[in-house]
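What follows is a single structure, written as structure tokens, with notes after it.
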Amino acid sequence: MDPDTVAEWCGEHSSQSECCIVMDIPADTWAEDQIRQAVATLAPDHRGLILDIEKNPDTSHMYVLLEWRKGVPPCFQGTSVKLAEEVEVQLIKPSMPRGESASVPAPSPLAMIGPEFIVAIGDLLAKCQKTSPPHTNFGYRRLRNFTGNIPTPAGEETFEEWVEQAMQALDEWDVPEAQKKQRITESLKGPASGAVRNLKLSRKDCTALDYLNVLEEVFGRTEKAAELVYQYEHTYQRRGERMTKYMRRLDKILHQILLKKRSE
């Protein structure tokens with residue numbers, strides 16, 4: 001059987017040629033159930049169907065037309081296949097319709113771009129990065145002003161309230177260390193600004209956390225860390241107090257403990 005005959009045979013069963021193959025098997029050697037089992041064993045992930053079987057008495061050959069809905073499995077795409085250890089059968093592919101040829105993949109758009117174009121794009125991106133400063137100051141949460149004056153001026157937070165927000169802000173700000181220090185100093189006025197200024201004069205390698213530590217030493221609570229830990233462990237919820245308010249009181253003490261431990 002030739003490829004053109006195989007193609008006509010596929011057409012008789014309204015099957016697509018690219019999903020079919022014909023096995024050329026010696027007549028009266030394999031039963032239909034044996035063929036079906038062998039095909040399923042060779043391609044367990046592809047469900048194949050036996051569309052038709054035709055015997056040629058002149059040549060003592062049996063032709064089996066197979067179809068797979070998802071395309072011919074790789075093991076059946078050659079010129080032959082072994083159905084068993086010592087049984088190898090020939091495979092006949094249907095011919096392509098006139099005017100059609102094997103599909104040639106279109107060249108990738110990237111393959112059509114020359115190296116000069118890629119270099120030019122890289123230079124353009126580099127120039128854009130140099131001329132466009134990073135918008136690290138856009139949209140960040142500014143700290144409220146803190147002076148350190150006693151009594152606390154109207155509208156100004158106490159040091160405990162201010163430093164709690166500052167600690168949270170340090171965790172949120174995804175910027176370089178120099179910018180963190182700038183954001184803290186721009187919120188300080190009066191004695192608080194002077195305390196940080198003196199620290200910068202004595203230490204050039206100080207961090208934003210060092211700023212908070214020195215402010216804690218000057219304006220924070222006078223208890224030691226151990227005393228604050230004791231207070232934390234013995235702070236109980238008041239009768240009628242909401243859980244959120246109680247947790248906020250504990251959180252403030254915890255922030256003070258962290259600052260004290262870092263400064264000690």
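Residue names in the structure tokens use chain letters A, B, ... in the order shown, residue numbers from 1 in each chain, and ligand numbers from 1 in the order shown.
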
Pick out the residues sitting within 9 Å of Trp162 of chain A, and hand them over as a list in words; count only C-alpha atoms, and ignore anything fewer than 6 positions along from it in its own chain.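 Here the qualifying residues turn out to be Leu143, Arg144, Asn145, Phe146 and Glu156 of chain A.
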
Emit the selected residues as a short mmCIF file (atom, residue, chain, number, x, y, z; two decimals), in the first residue's frame, including N, CA and C atoms.
data_model
loop_
_atom_site.label_atom_id
_atom_site.label_comp_id
_atom_site.auth_asym_id
_atom_site.auth_seq_id
_atom_site.Cartn_x
_atom_site.Cartn_y
_atom_site.Cartn_z
N LEU A 143 6.55 61.43 59.03
CA LEU A 143 6.38 61.42 60.47
C LEU A 143 5.88 62.79 60.94
N ARG A 144 5.15 62.78 62.02
CA ARG A 144 4.72 64.05 62.61
C ARG A 144 5.91 64.72 63.29
N ASN A 145 5.79 66.02 63.45
CA ASN A 145 6.88 66.77 64.07
C ASN A 145 7.00 66.44 65.55
N PHE A 146 8.25 66.42 66.01
CA PHE A 146 8.52 66.19 67.44
C PHE A 146 9.61 67.16 67.87
N GLU A 156 1.00 68.22 69.53
CA GLU A 156 2.19 67.39 69.32
C GLU A 156 2.07 66.11 70.12
#

Hey, what does DSSP flag as alpha helix (DSSP H) within segment 204-233 of chain A? Can you give it to me as a VMD selection string? chain A and resid 208 to 219 225 to 233

Export of the given selection (N, CA and C atoms) as a PDB file, in the first residue's frame:
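out.pdb written:
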ATOM      1  N   ALA A 208      19.861  55.386  61.146  1.00  0.00           N
ATOM      2  CA  ALA A 208      18.560  55.938  61.531  1.00  0.00           C
ATOM      3  C   ALA A 208      18.117  55.381  62.876  1.00  0.00           C
ATOM      4  N   LEU A 209      18.444  54.118  63.129  1.00  0.00           N
ATOM      5  CA  LEU A 209      18.094  53.532  64.421  1.00  0.00           C
ATOM      6  C   LEU A 209      18.889  54.179  65.551  1.00  0.00           C
ATOM      7  N   ASP A 210      20.128  54.595  65.267  1.00  0.00           N
ATOM      8  CA  ASP A 210      20.911  55.320  66.269  1.00  0.00           C
ATOM      9  C   ASP A 210      20.237  56.644  66.627  1.00  0.00           C
ATOM     10  N   TYR A 211      19.613  57.283  65.630  1.00  0.00           N
ATOM     11  CA  TYR A 211      18.881  58.521  65.902  1.00  0.00           C
ATOM     12  C   TYR A 211      17.783  58.266  66.934  1.00  0.00           C
ATOM     13  N   LEU A 212      17.036  57.188  66.733  1.00  0.00           N
ATOM     14  CA  LEU A 212      15.948  56.884  67.668  1.00  0.00           C
ATOM     15  C   LEU A 212      16.491  56.508  69.043  1.00  0.00           C
ATOM     16  N   ASN A 213      17.626  55.829  69.063  1.00  0.00           N
ATOM     17  CA  ASN A 213      18.214  55.442  70.348  1.00  0.00           C
ATOM     18  C   ASN A 213      18.635  56.662  71.167  1.00  0.00           C
ATOM     19  N   VAL A 214      19.254  57.644  70.508  1.00  0.00           N
ATOM     20  CA  VAL A 214      19.690  58.826  71.257  1.00  0.00           C
ATOM     21  C   VAL A 214      18.491  59.651  71.709  1.00  0.00           C
ATOM     22  N   LEU A 215      17.442  59.671  70.910  1.00  0.00           N
ATOM     23  CA  LEU A 215      16.223  60.363  71.337  1.00  0.00           C
ATOM     24  C   LEU A 215      15.584  59.644  72.519  1.00  0.00           C
ATOM     25  N   GLU A 216      15.687  58.321  72.529  1.00  0.00           N
ATOM     26  CA  GLU A 216      15.169  57.550  73.660  1.00  0.00           C
ATOM     27  C   GLU A 216      15.942  57.870  74.935  1.00  0.00           C
ATOM     28  N   GLU A 217      17.258  58.022  74.808  1.00  0.00           N
ATOM     29  CA  GLU A 217      18.076  58.332  75.984  1.00  0.00           C
ATOM     30  C   GLU A 217      17.731  59.698  76.559  1.00  0.00           C
ATOM     31  N   VAL A 218      17.413  60.648  75.668  1.00  0.00           N
ATOM     32  CA  VAL A 218      17.182  62.020  76.125  1.00  0.00           C
ATOM     33  C   VAL A 218      15.730  62.241  76.539  1.00  0.00           C
ATOM     34  N   PHE A 219      14.789  61.736  75.741  1.00  0.00           N
ATOM     35  CA  PHE A 219      13.377  62.067  75.961  1.00  0.00           C
ATOM     36  C   PHE A 219      12.529  60.868  76.387  1.00  0.00           C
ATOM     37  N   ALA A 225      15.739  48.487  80.865  1.00  0.00           N
ATOM     38  CA  ALA A 225      15.055  47.470  80.073  1.00  0.00           C
ATOM     39  C   ALA A 225      14.446  46.396  80.966  1.00  0.00           C
ATOM     40  N   ALA A 226      15.172  45.996  82.011  1.00  0.00           N
ATOM     41  CA  ALA A 226      14.666  44.949  82.906  1.00  0.00           C
ATOM     42  C   ALA A 226      13.394  45.409  83.609  1.00  0.00           C
ATOM     43  N   GLU A 227      13.346  46.688  83.983  1.00  0.00           N
ATOM     44  CA  GLU A 227      12.154  47.216  84.643  1.00  0.00           C
ATOM     45  C   GLU A 227      10.966  47.253  83.684  1.00  0.00           C
ATOM     46  N   LEU A 228      11.244  47.589  82.423  1.00  0.00           N
ATOM     47  CA  LEU A 228      10.170  47.614  81.432  1.00  0.00           C
ATOM     48  C   LEU A 228       9.663  46.202  81.135  1.00  0.00           C
ATOM     49  N   VAL A 229      10.575  45.228  81.132  1.00  0.00           N
ATOM     50  CA  VAL A 229      10.155  43.839  80.928  1.00  0.00           C
ATOM     51  C   VAL A 229       9.236  43.391  82.057  1.00  0.00           C
ATOM     52  N   TYR A 230       9.590  43.760  83.282  1.00  0.00           N
ATOM     53  CA  TYR A 230       8.738  43.422  84.431  1.00  0.00           C
ATOM     54  C   TYR A 230       7.363  44.074  84.280  1.00  0.00           C
ATOM     55  N   GLN A 231       7.371  45.342  83.843  1.00  0.00           N
ATOM     56  CA  GLN A 231       6.098  46.038  83.649  1.00  0.00           C
ATOM     57  C   GLN A 231       5.269  45.364  82.553  1.00  0.00           C
ATOM     58  N   TYR A 232       5.953  44.924  81.482  1.00  0.00           N
ATOM     59  CA  TYR A 232       5.257  44.257  80.373  1.00  0.00           C
ATOM     60  C   TYR A 232       4.599  42.959  80.850  1.00  0.00           C
ATOM     61  N   GLU A 233       5.343  42.207  81.667  1.00  0.00           N
ATOM     62  CA  GLU A 233       4.823  40.921  82.132  1.00  0.00           C
ATOM     63  C   GLU A 233       3.691  41.078  83.140  1.00  0.00           C
TER      64      GLU A 233
END

Using only C-alpha atoms, which residues sit within 9 Å of Leu65 of chain A once same-chain residues fewer than 3 positions away are excluded, as a PyMOL selection string? chain A and resi 6+9-10+20-23+49-54

Generate a file of the selected residues that holds C-alpha atoms, formatted as a compact mmCIF listing (two decimals), in the first residue's frame.
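Writing done, so here's part.txt:
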# COMPACT_ATOMS: atom_id res chain seq x y z
CA VAL A 6 -3.44 5.54 2.69
CA TRP A 9 -8.38 5.46 3.02
CA CYS A 10 -8.27 8.20 5.67
CA CYS A 20 -3.47 8.56 11.02
CA ILE A 21 -0.93 5.88 10.20
CA VAL A 22 -1.12 2.44 8.58
CA MET A 23 0.65 -0.61 9.96
CA LEU A 49 -8.40 3.74 17.51
CA ILE A 50 -8.41 1.00 14.89
CA LEU A 51 -10.52 2.52 12.13
CA ASP A 52 -10.28 -0.32 9.66
CA ILE A 53 -8.40 -3.51 8.73
CA GLU A 54 -7.81 -4.63 5.17

Spatial neighbours of Gln168 of chain A, 12 Å, only C-alpha atoms, chain gap at least 2 places, as a PyMOL selection string: chain A and resi 141-143+161-166+170-173+209+212+251-252+255

Same residues, N, CA and C atoms, output as an mmCIF file, in the first residue's frame:
data_model
loop_
_atom_site.group_PDB
_atom_site.id
_atom_site.type_symbol
_atom_site.label_atom_id
_atom_site.label_comp_id
_atom_site.auth_asym_id
_atom_site.auth_seq_id
_atom_site.Cartn_x
_atom_site.Cartn_y
_atom_site.Cartn_z
ATOM 1 N N ARG A 141 4.844 57.859 53.902
ATOM 2 C CA ARG A 141 4.150 58.404 55.069
ATOM 3 C C ARG A 141 5.133 59.209 55.915
ATOM 4 N N ARG A 142 4.909 60.517 55.981
ATOM 5 C CA ARG A 142 5.795 61.397 56.751
ATOM 6 C C ARG A 142 5.497 61.267 58.240
ATOM 7 N N LEU A 143 6.548 61.425 59.026
ATOM 8 C CA LEU A 143 6.380 61.422 60.474
ATOM 9 C C LEU A 143 5.880 62.787 60.938
ATOM 10 N N GLU A 161 4.508 58.087 71.762
ATOM 11 C CA GLU A 161 3.635 57.968 70.591
ATOM 12 C C GLU A 161 4.422 58.207 69.297
ATOM 13 N N TRP A 162 5.298 59.213 69.333
ATOM 14 C CA TRP A 162 6.056 59.539 68.124
ATOM 15 C C TRP A 162 7.045 58.429 67.772
ATOM 16 N N VAL A 163 7.767 57.901 68.751
ATOM 17 C CA VAL A 163 8.785 56.895 68.464
ATOM 18 C C VAL A 163 8.148 55.578 68.025
ATOM 19 N N GLU A 164 6.932 55.309 68.480
ATOM 20 C CA GLU A 164 6.241 54.102 68.025
ATOM 21 C C GLU A 164 5.978 54.177 66.522
ATOM 22 N N GLN A 165 5.530 55.339 66.063
ATOM 23 C CA GLN A 165 5.307 55.513 64.629
ATOM 24 C C GLN A 165 6.622 55.491 63.857
ATOM 25 N N ALA A 166 7.664 56.053 64.450
ATOM 26 C CA ALA A 166 8.961 56.075 63.771
ATOM 27 C C ALA A 166 9.514 54.666 63.590
ATOM 28 N N LEU A 170 10.350 52.894 59.946
ATOM 29 C CA LEU A 170 11.643 52.333 59.547
ATOM 30 C C LEU A 170 11.475 50.967 58.889
ATOM 31 N N ASP A 171 10.511 50.203 59.368
ATOM 32 C CA ASP A 171 10.258 48.889 58.764
ATOM 33 C C ASP A 171 9.590 49.016 57.401
ATOM 34 N N GLU A 172 8.822 50.083 57.202
ATOM 35 C CA GLU A 172 8.070 50.242 55.954
ATOM 36 C C GLU A 172 8.901 50.899 54.856
ATOM 37 N N TRP A 173 9.802 51.803 55.217
ATOM 38 C CA TRP A 173 10.544 52.560 54.208
ATOM 39 C C TRP A 173 11.548 51.663 53.498
ATOM 40 N N LEU A 209 18.444 54.118 63.129
ATOM 41 C CA LEU A 209 18.094 53.532 64.421
ATOM 42 C C LEU A 209 18.889 54.179 65.551
ATOM 43 N N LEU A 212 17.036 57.188 66.733
ATOM 44 C CA LEU A 212 15.948 56.884 67.668
ATOM 45 C C LEU A 212 16.491 56.508 69.043
ATOM 46 N N ASP A 251 1.909 46.909 73.253
ATOM 47 C CA ASP A 251 2.794 47.175 72.124
ATOM 48 C C ASP A 251 3.691 48.375 72.398
ATOM 49 N N LYS A 252 3.160 49.388 73.052
ATOM 50 C CA LYS A 252 3.971 50.564 73.372
ATOM 51 C C LYS A 252 5.106 50.207 74.327
ATOM 52 N N HIS A 255 7.814 48.323 72.418
ATOM 53 C CA HIS A 255 8.678 49.206 71.632
ATOM 54 C C HIS A 255 9.735 49.861 72.520
#

Interatomic distance (Å, one decimal) between atom CA of Arg203 of chain A and atom CA of Lys181 of chain A: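 If I compute the distance from atom CA of Arg203 of chain A to atom CA of Lys181 of chain A, I get 13.5 Å.
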
Need the shell around Tyr236 of chain A: protein/DNA/RNA residues with any atom at most 12 Å away, counting only C-alpha atoms. Skip same-chain ones fewer than 4 positions apart. Format as a VMD selection string? chain A and resid 230 to 232 240 to 243 245 to 247 249 to 250

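What separates atom CA of Glu67 of chain A from atom CA of Gly48 of chain A is a distance of 5.6 Å.
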
List the neighbours of Ala192 of chain A out to 6 Å using only C-alpha atoms; skip same-chain residues closer than 4 positions along the sequence, and give me the result as a list of chain:residue names.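 In the requested form, the answer reads A:Thr147, A:Gly148, A:Leu188.
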
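Omitting Val89 of chain A and its sequence neighbours fewer than 2 positions away, and counting only C-alpha atoms, the residues within 9 Å are Met23, Asp24, Ile25, Pro26, Thr79, Ser80, Val81, Lys82, Leu83, Val87 and Leu91 of chain A.
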
Write out, as a short mmCIF file (atom, residue, chain, number, x, y, z; two decimals), in the first residue's frame, the residues just selected, with C-alpha atoms.
data_model
loop_
_atom_site.label_atom_id
_atom_site.label_comp_id
_atom_site.auth_asym_id
_atom_site.auth_seq_id
_atom_site.Cartn_x
_atom_site.Cartn_y
_atom_site.Cartn_z
CA MET A 23 0.65 -0.61 9.96
CA ASP A 24 1.75 -3.27 7.46
CA ILE A 25 1.46 -6.62 9.29
CA PRO A 26 1.89 -10.14 7.88
CA THR A 79 9.17 3.97 9.18
CA SER A 80 8.67 0.98 11.47
CA VAL A 81 7.80 0.03 15.03
CA LYS A 82 8.31 -3.03 17.20
CA LEU A 83 5.04 -4.49 18.43
CA VAL A 87 8.05 -8.44 15.75
CA LEU A 91 4.51 2.03 8.98
#
